[in-house]
Amino acid sequence: MQLGIVGLPFSGKTTLFQTVTKTHLDPAASGKTDAHLGIAKVPDERLDRCSALFHPKSTVNATIEFVDVAGLKKGASGTTQFTTSFLSAVKTNDALIQVVRLFANDAVPHPDGSIDPLRDVATFETEFILGDMTVLEARIEKIHKQIGRPNDEPLKKELPVLEKCLALLQAEKPLRNEALSPEELQILKTYQLLSIKPMLIALSLDESQQPVMEEEVGRIAAAKAGLGTRVAAFFGKIDMEMSELSGDDARVFMAEYGILESALDTLIREAYALLGLQSFLTVGEDECRAWTIRAGMTAQEAAGVIHTDFIKNFIRAEVVHYDDFIAAGGSFAKAKEAGHWRLEGKGYIVKDGDILNIRHS
């Protein structure tokens, strides 16, 4: 999974990138057009607990790839312009995190001269909608020229979907918040549309704004949240400092500031919710590992995430949920005695926190 971090200049997006990936970028690089790539481990207390029980040779967290997407620049009017390289870069991301500035800092003024989060969100939204309209208009025009030729049935199915989506965009509605069918989404997948990508609006605050954090999140969510849009907040400077501390020191630091969740935890929780993701575990003395899958996946599909050969060679899955496993004292034998350990077939729908052992030929 790749999440693109976007935002206007001086919004705090590179600070967020460095915080969640624990990387340190040269400040001189902030004005360059190259994207920065980093990997973050997905924190999982369940995996940590299992690792403490089994003392495996290796513990492997799930990971997320973050991209600090560059490419924005100031135009002659002083406002920010979206370059072709920027729009091309975000097409490859599974979801986008738009960092929106709420903090004031006279030493680093906002590029548009004032703090207005709804305006900043609309700036990106408008650019993405206009970009998508250009793509769909060109495709619709081409389809009209091709209809009537042999084998045009696929085009006749595609055309109404594209026309429907174009009408939504013309009404200034991003496609991510529309209830499109799986068939419609499959048709649109080819075009890598921008307004259809799930979006997390990440509000960047300073420590003095802690008392108004929930209010600001609620205000922006009321205006912009939808099926494919969520809103969260983080404290750039505090989270950056906290990311450099060890686990115990970080918890003390969080307690002192009254922070309930780190920026990384917040982003991952929200990203999983946006993309409909969950985790299952495989545990043992050799390895304890967390695997990321889409909610609703079957045991056979989840087995294929471990190894592609497991799909065709799948026999059964031994399953116990993490909560039941811990309640049984971290013992498979006791979990089985309690009736929580069971064998499931290929159609079993894996639950978040399931511990699986795949039987295969």
# chains A, B, ... in the order shown; residues from 1 in each chain; ligands from 1

$ closest_atom_pairs --of "region 110-159 of chain A" --to "region 10-29 of chain A" --cutoff "12 Å" --atoms "only C-alpha atoms" --output "tab-separated table"
residue	atom	partner	partner_atom	distance
A:His110	CA	A:Phe10	CA	6.6
A:Pro111	CA	A:Phe10	CA	7.6
A:Asp112	CA	A:Phe10	CA	10.7
A:Gly113	CA	A:Phe10	CA	11.6
A:Ser114	CA	A:Ser11	CA	11.9
A:Ile115	CA	A:Ser11	CA	10.1
A:Asp116	CA	A:Ser11	CA	11.5
A:Pro117	CA	A:Ser11	CA	10.2
A:Asp120	CA	A:Ser11	CA	9.8
A:Val121	CA	A:Ser11	CA	11.7

$ residues_around --residues "region 167-169 of chain A" --least-positions-apart "4" --cutoff "8 Å" --atoms "only C-alpha atoms" --output "PDB file with C-alpha atoms, in the first residue's frame"
ATOM      1  CA  ILE A 129     -11.753  17.429 -10.591  1.00  0.00           C
ATOM      2  CA  LEU A 130     -10.526  19.514 -13.534  1.00  0.00           C
ATOM      3  CA  ASP A 132     -10.409  14.114 -14.279  1.00  0.00           C
ATOM      4  CA  MET A 133     -12.810  16.078 -16.471  1.00  0.00           C
ATOM      5  CA  GLU A 163     -20.941  10.296 -18.836  1.00  0.00           C
ATOM      6  CA  LYS A 173     -18.468  16.425  -6.768  1.00  0.00           C
ATOM      7  CA  PRO A 174     -15.281  14.357  -6.269  1.00  0.00           C
ATOM      8  CA  LEU A 175     -15.882  10.752  -7.299  1.00  0.00           C
TER       9      LEU A 175
END

$ select_by_dssp --residues "region 133-244 of chain A" --states "helix (DSSP H, G or I)" --output "count of residues only"
71

$ closest_atom_pairs --of "region 62-111 of chain A" --to "region 236-253 of chain A" --cutoff "12 Å" --atoms "only C-alpha atoms" --output "tab-separated table"
residue	atom	partner	partner_atom	distance
A:Val99	CA	A:Gly236	CA	10.4
A:Val100	CA	A:Gly236	CA	11.3
A:Arg101	CA	A:Gly236	CA	10.0
A:Leu102	CA	A:Gly236	CA	10.7
A:Phe103	CA	A:Gly236	CA	9.5

$ select_by_dssp --residues "region 8-193 of chain A" --states "strand (DSSP E)" --output "list in words"
His36, Leu37, Gly38, Ile39, Ala40, Lys41, Ser58, Thr59, Val60, Thr63, Ile64, Glu65, Phe66, Val67, Asp68, Leu72, Lys73, Lys74, Thr80, Gln81, Phe82, Ala95, Leu96, Ile97, Gln98, Val99, Val100 and Arg101 of chain A

$ closest_residue --among "A:Ser195, A:Gln146, A:Asn105, A:Thr190" --to "Val90 (chain A)" --atoms "only C-alpha atoms"
A:Ser195

$ atom_distance --atom1 "CA of Val231 (chain A)" --atom2 "CA of Gly7 (chain A)"
14.3 Å
